[in-house]
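Dumped final-v1.txt below, it's compact mmCIF, C-alpha atoms and all ligand atoms:
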```txt
# COMPACT_ATOMS: atom_id res chain seq x y z
CA MET A 28 -154.59 23.86 -89.39
CA SER A 29 -157.49 25.67 -87.78
CA ILE A 30 -161.20 26.29 -88.16
CA LEU A 31 -162.13 29.76 -89.35
CA ALA A 32 -165.65 31.01 -88.51
CA ILE A 33 -166.91 33.96 -90.53
CA LEU A 34 -169.22 36.29 -88.61
CA GLU A 35 -171.81 38.54 -90.23
CA HIS A 36 -172.95 41.99 -89.21
CA GLN A 37 -175.35 44.61 -90.49
CA ASN A 38 -175.92 48.22 -89.48
CA GLY A 39 -173.35 48.06 -86.71
CA LYS A 40 -174.82 44.93 -85.13
CA TRP A 41 -173.77 41.30 -85.24
CA HIS A 42 -176.16 39.01 -87.04
CA ARG A 43 -177.81 36.70 -84.51
CA MET A 44 -176.71 33.62 -86.49
CA SER A 45 -173.06 34.66 -86.18
CA TRP A 46 -173.17 33.50 -82.56
CA GLU A 47 -174.66 30.14 -83.50
CA THR A 48 -171.85 29.65 -86.02
CA PHE A 49 -169.28 30.74 -83.44
CA ALA A 50 -170.70 28.20 -80.95
CA ALA A 51 -170.70 25.44 -83.58
CA ALA A 52 -167.12 26.27 -84.53
CA GLN A 53 -166.05 26.12 -80.86
CA GLU A 54 -167.69 22.71 -80.51
CA LEU A 55 -166.17 21.32 -83.70
CA ALA A 56 -162.71 22.77 -82.96
CA ALA A 57 -162.78 21.01 -79.57
CA ALA A 58 -163.93 17.73 -81.15
CA MET A 59 -161.26 17.92 -83.88
CA GLY A 60 -158.57 19.10 -81.46
CA THR A 61 -157.83 22.14 -83.57
CA GLN A 62 -157.62 25.90 -83.03
CA LEU A 63 -160.46 28.26 -83.73
CA GLU A 64 -160.05 31.59 -85.47
CA VAL A 65 -162.89 33.95 -86.27
CA ALA A 66 -163.16 36.69 -88.90
CA ALA A 67 -165.40 39.56 -89.86
CA ALA A 68 -165.07 41.80 -92.91
CA GLY A 69 -166.05 45.44 -93.11
CA SER A 70 -164.92 48.98 -92.52
CA GLY A 71 -164.76 50.45 -89.02
CA LEU A 72 -165.16 47.13 -87.22
CA ALA A 73 -163.52 48.38 -84.03
CA THR A 74 -166.76 49.00 -82.13
CA LEU A 75 -168.11 45.53 -82.94
CA LEU A 76 -165.04 43.49 -82.14
CA PRO A 77 -164.89 43.54 -78.33
CA GLU A 78 -168.06 41.43 -78.09
CA ALA A 79 -166.60 38.79 -80.41
CA ALA A 80 -163.22 38.94 -78.69
CA SER A 81 -164.86 38.08 -75.36
CA LYS A 82 -165.55 34.54 -76.57
CA GLN A 83 -163.24 31.55 -76.62
CA ALA A 84 -161.13 31.63 -79.80
CA THR A 85 -157.44 31.94 -80.60
CA LYS A 86 -157.80 34.97 -82.81
CA ILE A 87 -160.31 37.39 -84.27
CA TRP A 88 -159.35 38.62 -87.74
CA ALA A 89 -160.66 42.10 -88.49
CA VAL A 90 -160.68 42.22 -92.28
CA GLU A 91 -160.71 45.99 -92.78
CA HIS A 92 -160.98 47.98 -95.98
CA ALA A 93 -162.90 51.09 -96.99
CA LEU A 94 -164.28 49.15 -99.98
CA LEU A 95 -165.88 46.66 -97.57
CA LYS A 96 -168.03 49.35 -95.93
CA ASP A 97 -171.07 48.13 -97.86
CA TYR A 98 -171.41 44.42 -98.57
CA THR A 99 -170.74 43.29 -102.13
CA ALA A 100 -170.14 39.71 -103.25
CA ASP A 101 -167.02 40.78 -105.18
CA GLY A 102 -165.54 42.70 -102.24
CA TYR A 103 -166.20 39.98 -99.67
CA THR A 104 -164.97 37.21 -101.96
CA ALA A 105 -161.69 38.99 -102.76
CA ALA A 106 -161.07 40.04 -99.15
CA LEU A 107 -161.89 36.66 -97.60
CA GLU A 108 -159.94 34.80 -100.28
CA ALA A 109 -156.87 36.81 -99.29
CA LEU A 110 -157.52 36.14 -95.59
CA ILE A 111 -158.00 32.40 -96.12
CA ARG A 112 -154.74 32.19 -98.09
CA ARG A 113 -153.02 33.93 -95.19
CA ALA A 114 -154.72 32.09 -92.27
CA ASP A 115 -154.67 28.70 -94.04
CA PRO A 116 -157.64 27.09 -92.20
CA ARG A 117 -158.76 23.50 -92.72
CA LEU A 118 -162.41 24.49 -92.47
CA VAL A 119 -164.29 27.73 -93.06
CA LEU A 120 -167.73 27.95 -91.42
CA PHE A 121 -170.45 30.50 -92.18
CA PRO A 122 -173.96 31.17 -90.88
CA HIS A 123 -176.36 30.08 -93.65
CA THR A 124 -177.71 33.59 -94.22
CA TYR A 125 -178.81 35.25 -97.45
CA GLN A 126 -175.47 37.06 -97.55
CA THR A 127 -173.51 33.82 -97.21
CA ARG A 128 -175.61 32.24 -99.95
CA ASP A 129 -174.70 35.20 -102.14
CA PHE A 130 -170.92 35.04 -101.93
CA ALA A 131 -169.73 31.83 -100.22
CA PRO A 132 -170.19 29.45 -103.21
CA LYS A 133 -168.05 31.82 -105.30
CA LEU A 134 -165.44 32.00 -102.54
CA ALA A 135 -165.34 28.20 -102.24
CA THR A 136 -164.91 27.94 -106.02
CA ARG A 137 -161.80 30.12 -105.80
CA PHE A 138 -160.25 27.19 -103.89
CA GLY A 139 -161.70 24.52 -106.19
CA ARG A 140 -164.24 23.53 -103.51
CA VAL A 141 -168.01 23.49 -103.10
CA LEU A 142 -169.97 25.03 -100.26
CA ILE A 143 -171.50 22.32 -98.05
CA SER A 144 -174.64 24.30 -97.42
CA ASP A 145 -177.33 24.47 -94.74
CA VAL A 146 -175.66 21.97 -92.42
CA THR A 147 -177.85 20.80 -89.52
CA ALA A 148 -175.25 18.95 -87.43
CA ALA A 149 -171.52 18.26 -87.37
CA ARG A 150 -169.19 15.92 -85.57
CA ALA A 151 -165.59 14.78 -85.71
CA GLU A 152 -164.53 11.25 -86.61
CA ALA A 153 -160.82 10.58 -86.06
CA ALA A 154 -160.31 14.37 -85.94
CA GLU A 155 -161.96 14.77 -89.37
CA PRO A 156 -165.19 16.74 -89.77
CA VAL A 157 -168.46 15.10 -90.78
CA PHE A 158 -171.34 17.39 -91.73
CA VAL A 159 -175.01 16.40 -91.80
CA ARG A 160 -177.33 17.98 -94.35
CA GLN A 161 -180.77 17.17 -95.58
CA LEU A 162 -181.71 15.95 -99.01
CA PHE A 163 -185.03 15.80 -100.85
CA GLN A 164 -186.73 18.30 -98.53
CA GLY A 165 -185.80 16.45 -95.40
CA LYS A 166 -186.62 12.93 -96.53
CA LEU A 167 -182.98 11.89 -96.21
CA SER A 168 -180.14 13.03 -94.00
CA ALA A 169 -176.69 12.70 -95.57
CA ASP A 170 -173.29 12.59 -93.89
CA VAL A 171 -170.85 14.70 -95.89
CA ARG A 172 -167.14 14.03 -95.35
CA PRO A 173 -164.96 16.63 -97.05
CA GLN A 174 -162.16 14.89 -98.94
CA GLY A 175 -158.63 16.09 -99.52
CA PRO A 176 -156.72 18.98 -98.01
CA GLY A 177 -158.48 22.14 -96.85
CA PRO A 178 -159.87 24.60 -96.95
CA HIS A 179 -163.39 23.16 -96.97
CA PHE A 180 -166.44 25.37 -96.72
CA ALA A 181 -169.73 24.82 -94.88
CA SER A 182 -172.69 27.01 -93.94
CA LEU A 183 -174.73 26.22 -90.84
CA GLN A 184 -178.52 26.20 -90.64
CA ALA A 185 -180.31 28.79 -88.50
CA GLY A 186 -181.20 27.35 -85.12
CA ALA A 187 -179.17 24.17 -85.57
CA TRP A 188 -176.71 25.28 -82.83
CA ARG A 189 -177.44 27.25 -79.72
CA ALA A 190 -175.76 30.62 -79.28
CA ASP A 191 -176.09 30.32 -75.50
CA ASN A 192 -173.60 27.45 -75.57
CA LEU A 193 -170.86 29.92 -76.59
CA GLN A 194 -167.86 29.63 -74.29
CA PRO A 195 -166.49 32.92 -72.99
CA GLY A 196 -162.83 33.70 -73.40
CA SER A 197 -160.41 36.32 -74.55
CA ALA A 198 -159.31 36.31 -78.18
CA VAL A 199 -156.52 38.37 -79.71
CA VAL A 200 -157.72 40.77 -82.39
CA GLU A 201 -155.53 41.04 -85.50
CA GLU A 202 -156.24 43.45 -88.31
CA PHE A 203 -155.88 42.18 -91.86
CA GLN A 204 -155.95 44.68 -94.72
CA PRO A 205 -156.58 42.97 -98.04
CA THR A 206 -155.45 44.62 -101.26
CA LEU A 207 -158.66 45.70 -102.98
CA GLU A 208 -159.17 47.90 -106.03
CA THR A 209 -162.40 49.71 -106.92
CA ALA A 210 -162.31 48.00 -110.35
CA GLN A 211 -162.57 44.57 -108.67
CA ILE A 212 -166.03 45.41 -107.34
CA ARG A 213 -168.57 45.21 -110.13
CA GLN A 214 -171.72 45.35 -108.01
CA LYS A 215 -173.40 48.48 -106.80
CA PRO A 216 -174.39 47.96 -103.15
CA GLU A 217 -178.12 47.83 -102.63
CA PRO A 218 -180.12 47.66 -99.39
CA PRO A 219 -179.54 44.22 -97.89
CA PHE A 220 -182.21 41.56 -98.24
CA ARG A 221 -184.44 41.84 -95.19
CA GLU A 222 -184.47 38.38 -93.67
CA ALA A 223 -186.83 39.43 -90.92
CA ALA A 224 -189.27 40.92 -93.42
CA ARG A 225 -191.63 38.02 -92.79
CA GLY A 226 -194.20 38.85 -90.17
CA VAL A 227 -192.85 36.47 -87.59
CA ASP A 228 -189.29 35.38 -86.91
CA LEU A 229 -189.75 32.18 -84.94
CA THR A 230 -186.00 31.61 -84.84
CA ALA A 231 -185.66 34.50 -82.39
CA ALA A 232 -188.47 33.34 -80.06
CA ASN A 233 -187.65 32.23 -76.50
CA ILE A 234 -190.87 30.29 -76.03
CA ILE A 235 -192.92 28.62 -78.75
CA VAL A 236 -196.29 26.93 -78.48
CA SER A 237 -196.83 24.82 -81.57
CA VAL A 238 -200.11 23.33 -82.70
CA GLY A 239 -200.62 20.20 -84.78
CA ARG A 240 -203.39 18.30 -86.51
CA GLY A 241 -204.64 17.09 -83.13
CA ILE A 242 -206.46 20.41 -82.87
CA GLY A 243 -208.85 18.99 -85.45
CA ASP A 244 -210.44 22.18 -86.70
CA LYS A 245 -209.48 25.75 -87.61
CA ASP A 246 -212.07 27.13 -85.19
CA LYS A 247 -210.25 25.43 -82.29
CA ILE A 248 -206.91 27.19 -82.89
CA PRO A 249 -207.76 29.88 -80.26
CA VAL A 250 -207.58 27.16 -77.56
CA VAL A 251 -203.84 26.87 -78.21
CA GLU A 252 -203.46 30.56 -79.02
CA GLU A 253 -204.59 31.29 -75.48
CA LEU A 254 -201.85 29.06 -74.06
CA ALA A 255 -199.30 30.92 -76.21
CA ARG A 256 -200.58 34.23 -74.88
CA ALA A 257 -200.50 33.04 -71.27
CA MET A 258 -196.90 31.87 -71.69
CA GLY A 259 -195.74 34.95 -73.64
CA ALA A 260 -194.92 32.59 -76.50
CA GLU A 261 -194.95 32.76 -80.30
CA LEU A 262 -197.53 30.53 -81.92
CA ALA A 263 -196.20 27.98 -84.42
CA ALA A 264 -197.58 24.93 -86.19
CA SER A 265 -196.86 21.67 -87.93
CA ARG A 266 -197.15 21.53 -91.69
CA PRO A 267 -200.73 20.22 -92.05
CA ILE A 268 -201.99 23.24 -90.12
CA CYS A 269 -200.22 25.64 -92.49
CA ASP A 270 -201.05 23.59 -95.59
CA ALA A 271 -204.72 23.84 -94.62
CA GLY A 272 -204.37 27.60 -94.28
CA TRP A 273 -205.35 27.49 -90.59
CA LEU A 274 -202.19 29.46 -89.78
CA PRO A 275 -199.87 31.30 -92.17
CA MET A 276 -196.95 29.39 -93.74
CA GLU A 277 -194.45 31.60 -91.92
CA ARG A 278 -195.46 29.85 -88.69
CA GLN A 279 -194.54 26.38 -89.91
CA VAL A 280 -191.75 24.57 -88.06
CA GLY A 281 -189.87 21.73 -89.71
CA SER A 282 -187.75 20.68 -92.61
CA SER A 283 -189.76 22.75 -95.06
CA GLY A 284 -190.53 25.46 -92.49
CA GLN A 285 -188.41 27.27 -89.94
CA THR A 286 -185.74 25.69 -87.74
CA VAL A 287 -186.17 26.95 -84.21
CA SER A 288 -184.27 26.54 -80.94
CA PRO A 289 -186.28 28.29 -78.21
CA LYS A 290 -185.77 27.77 -74.50
CA VAL A 291 -189.18 26.09 -74.33
CA TYR A 292 -191.12 24.38 -77.14
CA VAL A 293 -194.61 23.16 -76.35
CA ALA A 294 -195.94 20.71 -78.95
CA VAL A 295 -199.71 20.41 -78.76
CA GLY A 296 -201.39 17.62 -80.76
CA ILE A 297 -198.25 17.05 -82.84
CA SER A 298 -197.24 13.45 -83.55
CA GLY A 299 -193.49 14.11 -83.96
CA ALA A 300 -192.83 13.18 -87.60
CA ILE A 301 -189.16 13.41 -88.52
CA GLN A 302 -189.81 16.41 -90.76
CA HIS A 303 -191.21 18.26 -87.76
CA LEU A 304 -188.54 17.08 -85.32
CA VAL A 305 -185.64 18.37 -87.43
CA GLY A 306 -187.09 21.85 -87.10
CA MET A 307 -187.37 21.89 -83.29
CA LYS A 308 -184.95 19.34 -81.89
CA GLY A 309 -182.54 22.13 -80.92
CA SER A 310 -185.07 23.44 -78.37
CA LYS A 311 -183.74 23.46 -74.83
CA THR A 312 -186.85 22.04 -73.19
CA VAL A 313 -189.61 20.24 -75.08
CA VAL A 314 -193.07 19.77 -73.59
CA ALA A 315 -195.46 17.50 -75.47
CA ILE A 316 -199.22 17.21 -75.05
CA ASN A 317 -200.71 14.28 -76.95
CA LYS A 318 -203.48 11.80 -76.32
CA ASP A 319 -201.44 8.93 -77.80
CA LYS A 320 -198.84 7.74 -75.29
CA ASP A 321 -196.85 6.14 -78.12
CA ALA A 322 -196.61 9.31 -80.22
CA PRO A 323 -192.97 9.77 -81.35
CA ILE A 324 -192.94 13.34 -80.01
CA PHE A 325 -192.56 11.85 -76.51
CA GLU A 326 -189.16 10.47 -77.53
CA VAL A 327 -187.76 14.00 -77.75
CA ALA A 328 -189.88 15.50 -74.95
CA ASP A 329 -188.43 16.49 -71.59
CA TYR A 330 -191.96 16.69 -70.16
CA GLY A 331 -194.90 14.78 -71.55
CA ILE A 332 -198.60 15.04 -70.80
CA VAL A 333 -200.68 12.15 -72.14
CA GLY A 334 -204.18 13.48 -72.47
CA ASP A 335 -206.80 15.27 -74.50
CA LEU A 336 -205.47 18.72 -75.39
CA PHE A 337 -208.96 20.18 -74.96
CA GLU A 338 -208.77 19.24 -71.27
CA VAL A 339 -205.06 19.78 -70.68
CA VAL A 340 -204.56 23.13 -72.41
CA PRO A 341 -207.40 25.07 -70.69
CA ALA A 342 -206.26 23.63 -67.34
CA LEU A 343 -202.70 24.87 -68.00
CA VAL A 344 -204.00 28.30 -69.01
CA ASP A 345 -206.01 28.50 -65.77
CA GLU A 346 -202.95 27.60 -63.70
CA LEU A 347 -200.76 30.13 -65.55
CA LYS A 348 -203.36 32.84 -65.00
CA LYS A 349 -203.58 31.99 -61.30
CA ALA A 350 -199.80 32.06 -60.97
CA SER A 351 -199.52 35.47 -62.60
CA SER A 352 -202.36 37.12 -60.69
C1 LIG B 1 -191.05 16.57 -97.99
C2 LIG B 1 -191.84 16.77 -96.72
C3 LIG B 1 -191.61 17.89 -95.96
C4 LIG B 1 -192.32 18.08 -94.76
N1 LIG B 1 -192.07 19.21 -94.01
C5 LIG B 1 -192.71 19.34 -92.83
C6 LIG B 1 -192.44 20.46 -91.99
O1 LIG B 1 -191.66 21.34 -92.30
N2 LIG B 1 -193.10 20.53 -90.81
C7 LIG B 1 -193.99 19.58 -90.39
O2 LIG B 1 -194.54 19.73 -89.28
N3 LIG B 1 -194.26 18.54 -91.17
C8 LIG B 1 -193.67 18.41 -92.38
N4 LIG B 1 -193.99 17.35 -93.17
C9 LIG B 1 -195.15 16.50 -92.80
C10 LIG B 1 -194.82 15.45 -91.78
O3 LIG B 1 -194.37 14.29 -92.42
C11 LIG B 1 -196.07 15.10 -90.94
O4 LIG B 1 -197.09 14.70 -91.81
C12 LIG B 1 -196.57 16.25 -90.09
O5 LIG B 1 -195.52 16.79 -89.32
C13 LIG B 1 -197.67 15.74 -89.18
O6 LIG B 1 -198.22 16.85 -88.49
P1 LIG B 1 -198.97 16.65 -87.11
O7 LIG B 1 -198.04 16.03 -86.12
O8 LIG B 1 -199.58 17.96 -86.77
O9 LIG B 1 -200.17 15.67 -87.50
P2 LIG B 1 -200.39 14.14 -87.21
O10 LIG B 1 -199.22 13.33 -87.59
O11 LIG B 1 -201.71 13.81 -87.81
O12 LIG B 1 -200.48 14.07 -85.62
C14 LIG B 1 -201.55 14.56 -84.87
C15 LIG B 1 -201.31 14.16 -83.43
O13 LIG B 1 -202.28 14.75 -82.62
C16 LIG B 1 -202.66 13.79 -81.62
N5 LIG B 1 -204.02 14.14 -81.21
C17 LIG B 1 -205.16 14.02 -81.90
N6 LIG B 1 -206.21 14.52 -81.21
C18 LIG B 1 -205.71 14.94 -80.02
C19 LIG B 1 -206.27 15.53 -78.86
N7 LIG B 1 -207.59 15.81 -78.79
N8 LIG B 1 -205.47 15.83 -77.83
C20 LIG B 1 -204.13 15.57 -77.87
N9 LIG B 1 -203.55 14.99 -78.94
C21 LIG B 1 -204.31 14.69 -80.01
C22 LIG B 1 -202.56 12.46 -82.28
O14 LIG B 1 -202.37 11.45 -81.32
C23 LIG B 1 -201.37 12.66 -83.20
O15 LIG B 1 -200.16 12.23 -82.56
C24 LIG B 1 -193.29 17.14 -94.36
C25 LIG B 1 -193.49 16.01 -95.13
C26 LIG B 1 -192.79 15.82 -96.30
C27 LIG B 1 -193.03 14.58 -97.11
```

Please render this file's structure as structure tokens.
Amino acid sequence: MSILAILEHQNGKWHRMSWETFAAAQELAAAMGTQLEVAAAGSGLATLLPEAASKQATKIWAVEHALLKDYTADGYTAALEALIRRADPRLVLFPHTYQTRDFAPKLATRFGRVLISDVTAARAEAAEPVFVRQLFQGKLSADVRPQGPGPHFASLQAGAWRADNLQPGSAVVEEFQPTLETAQIRQKPEPPFREAARGVDLTAANIIVSVGRGIGDKDKIPVVEELARAMGAELAASRPICDAGWLPMERQVGSSGQTVSPKVYVAVGISGAIQHLVGMKGSKTVVAINKDKDAPIFEVADYGIVGDLFEVVPALVDELKKASS
């Protein structure tokens, strides 16, 4: 019994979240003591596969069929159902993308299962998987333990795992040609939903400077904006800042905003409420600037500066400017 991770691609490129799912699947396979197989569906996958095959996995399934050239829910469901019956995994993991949301619940239903969706963490207990997902807009975190024999299906939240934790390796590629008929595919392919259509994709940012209510006033936002500029960072915010319209909603980090995992996350005047923390706890290095030494943000910070942001931030900007000149 193995874990099967399904990778996604578009326009000849792997979807960024495919690597996060691959990394999560590696981690969980190691914790459960099981093998990892990986699959992608499409037509003409050959050019894409070497990159996936250079990671640690037992096998890469290339699910090839001319009718899979353009994504359709019917085509992907039929093809992956056939693959899953052949590969017989215990768990099937997907990136929680718009495409997965479109077809994975239907695929799970083919096996009499539900999709455990938008999972934020996973672990193994006695070699059995336990998934963590949020309920009531992040007010509760629930442990979900799939019951009964596999396959079980779960999709993984963007930014909840780090793609740079992927272990390199050398996987065998095996082609799998499902039997597909034109009549099985009722949808007419349309241009894919553009996930990055929003003005800013914080999930892809390497450095984020995030501003919270400590800034006090909309007119003061440029103080933090300048730090973001000096660091080459994206500007983000806690919810009150976006609720007040001081920054657009698309810049909100947290349970009802984006989940991010940059290399560096600088939290300025943010207290560290749980709903904010769930959106940024995957960051590699967290720097917190807060005048309250007991603010919960310091519990997740690698570096903390206790002080007034209106003194600390301009001083940091000055130092950064000096260093770069
Ligand atoms: C269902 C639900 C969903 C939510 N979703 C989200 C979400 O997605 N994202 C999110 O962020 N929140 C979310 N929240 C809100 C969350 O609970 C907190 O209210 C919010 O994160 C607090 O934002 P904050 O840290 O900016 O403000 P505050 O909690 O008010 O913290 C401000 C901080 O600034 C510090 N400070 C003040 N002045 C200065 C200064 N001059 N210098 C330095 N530090 C200073 C203070 O010490 C304080 O720690 C949600 C809440 C609910 C109920």

Using all atoms listed in the file, find the one residue out of A:His92, A:Lys133, A:Arg240, A:Lys215 that sits nearest to ligand LIG 1 (chain B).
A:Arg240

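With only C-alpha atoms as the atoms that count, the residue of A:Ser45, A:Ser29, A:Ser81, A:Thr136 with the shortest distance to Gly60 of chain A is A:Ser29.
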
Residues within 12 Å of Phe158 of chain A, all atoms listed in the file, excluding chain neighbours under 4 positions, as a PyMOL selection string:
chain A and resi 51+55+118+120+142-152+168-174+179-184

Using all atoms listed in the file, find each residue with an atom at most 6 Å away from ligand LIG 1 (chain B) and format the answer as a count of residues only.
30

Cut-off 9 Å: closest segment 33-65 of chain A/segment 186-210 of chain A atom pairs per residue, using all atoms listed in the file, as a tab-separated table:
```
residue	atom	partner	partner_atom	distance
A:Arg43	CA	A:Ala190	CA	8.3
A:Met44	CA	A:Gly186	CA	7.8
A:Ser45	CA	A:Ala190	CA	8.4
A:Trp46	CA	A:Ala190	CA	5.1
A:Glu47	CA	A:Ala190	CA	4.4
A:Thr48	CA	A:Trp188	CA	7.3
A:Phe49	CA	A:Leu193	CA	7.1
A:Ala50	CA	A:Leu193	CA	4.7
A:Ala51	CA	A:Trp188	CA	6.1
A:Gln53	CA	A:Leu193	CA	7.5
A:Glu54	CA	A:Leu193	CA	8.8
A:Glu64	CA	A:Ala198	CA	8.7
```

Pick the closest to Arg213 of chain A from A:Ala105, A:Ala67, A:Ile87, A:Ala154: which is it, counting all atoms listed in the file?
A:Ala105

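The closest residue to Tyr292 of chain A, picked from A:Ala271, A:Leu343, A:Leu229, A:Ala350 and counting all atoms listed in the file, is A:Leu229.
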
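Take atom CA of Lys349 of chain A and atom CA of Val327 of chain A: the distance between them is 29.1 Å.
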
Closest of A:Leu72, A:Leu63, A:Val90, A:Val236 to Leu110 of chain A - atom-to-atom distances counting only C-alpha atoms
A:Val90

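Distances from A:His36, A:Phe325, A:Thr286, A:Ser352 to Thr127 of chain A were compared using only C-alpha atoms, and the smallest one belongs to A:His36.
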
Which residues, written as a VMD selection string, have at least one atom at most 7 Å from segment 242-252 of chain A, with all atoms listed in the file counted and residues fewer than 5 positions away on the same chain left out?
chain A and resid 262 273 296 340

Quick one: segment 142-149 of chain A with all heavy atoms, as a short mmCIF file (atom, residue, chain, number, x, y, z; two decimals), in the frame of the given file?
```
data_model
loop_
_atom_site.label_atom_id
_atom_site.label_comp_id
_atom_site.auth_asym_id
_atom_site.auth_seq_id
_atom_site.Cartn_x
_atom_site.Cartn_y
_atom_site.Cartn_z
N LEU A 142 -169.48 24.66 -101.58
CA LEU A 142 -169.97 25.03 -100.26
C LEU A 142 -170.91 23.92 -99.79
O LEU A 142 -171.88 23.59 -100.47
CB LEU A 142 -170.74 26.36 -100.33
CG LEU A 142 -171.41 26.79 -99.03
CD1 LEU A 142 -170.37 27.19 -97.98
CD2 LEU A 142 -172.39 27.94 -99.27
N ILE A 143 -170.59 23.32 -98.65
CA ILE A 143 -171.50 22.32 -98.05
C ILE A 143 -172.54 23.15 -97.30
O ILE A 143 -172.25 23.71 -96.25
CB ILE A 143 -170.73 21.38 -97.10
CG1 ILE A 143 -169.56 20.73 -97.85
CG2 ILE A 143 -171.65 20.32 -96.51
CD1 ILE A 143 -168.53 20.08 -96.94
N SER A 144 -173.73 23.25 -97.89
CA SER A 144 -174.64 24.30 -97.42
C SER A 144 -175.71 23.79 -96.48
O SER A 144 -176.10 22.62 -96.51
CB SER A 144 -175.30 24.96 -98.63
OG SER A 144 -176.05 24.01 -99.33
N ASP A 145 -176.18 24.70 -95.61
CA ASP A 145 -177.33 24.47 -94.74
C ASP A 145 -177.16 23.21 -93.88
O ASP A 145 -178.07 22.38 -93.78
CB ASP A 145 -178.60 24.36 -95.61
CG ASP A 145 -179.80 24.97 -94.92
OD1 ASP A 145 -179.61 25.57 -93.84
OD2 ASP A 145 -180.92 24.85 -95.44
N VAL A 146 -176.01 23.14 -93.24
CA VAL A 146 -175.66 21.97 -92.42
C VAL A 146 -176.48 22.00 -91.12
O VAL A 146 -176.63 23.05 -90.49
CB VAL A 146 -174.14 22.02 -92.12
CG1 VAL A 146 -173.77 21.10 -90.98
CG2 VAL A 146 -173.35 21.72 -93.38
N THR A 147 -177.02 20.84 -90.73
CA THR A 147 -177.85 20.80 -89.52
C THR A 147 -177.13 20.21 -88.30
O THR A 147 -177.60 20.36 -87.18
CB THR A 147 -179.13 19.96 -89.76
OG1 THR A 147 -178.71 18.67 -90.22
CG2 THR A 147 -180.03 20.60 -90.80
N ALA A 148 -176.02 19.51 -88.55
CA ALA A 148 -175.25 18.95 -87.43
C ALA A 148 -173.84 18.67 -87.93
O ALA A 148 -173.62 18.55 -89.14
CB ALA A 148 -175.89 17.66 -86.92
N ALA A 149 -172.91 18.58 -86.99
CA ALA A 149 -171.52 18.26 -87.37
C ALA A 149 -170.87 17.50 -86.24
O ALA A 149 -171.25 17.65 -85.08
CB ALA A 149 -170.75 19.54 -87.66
#
```
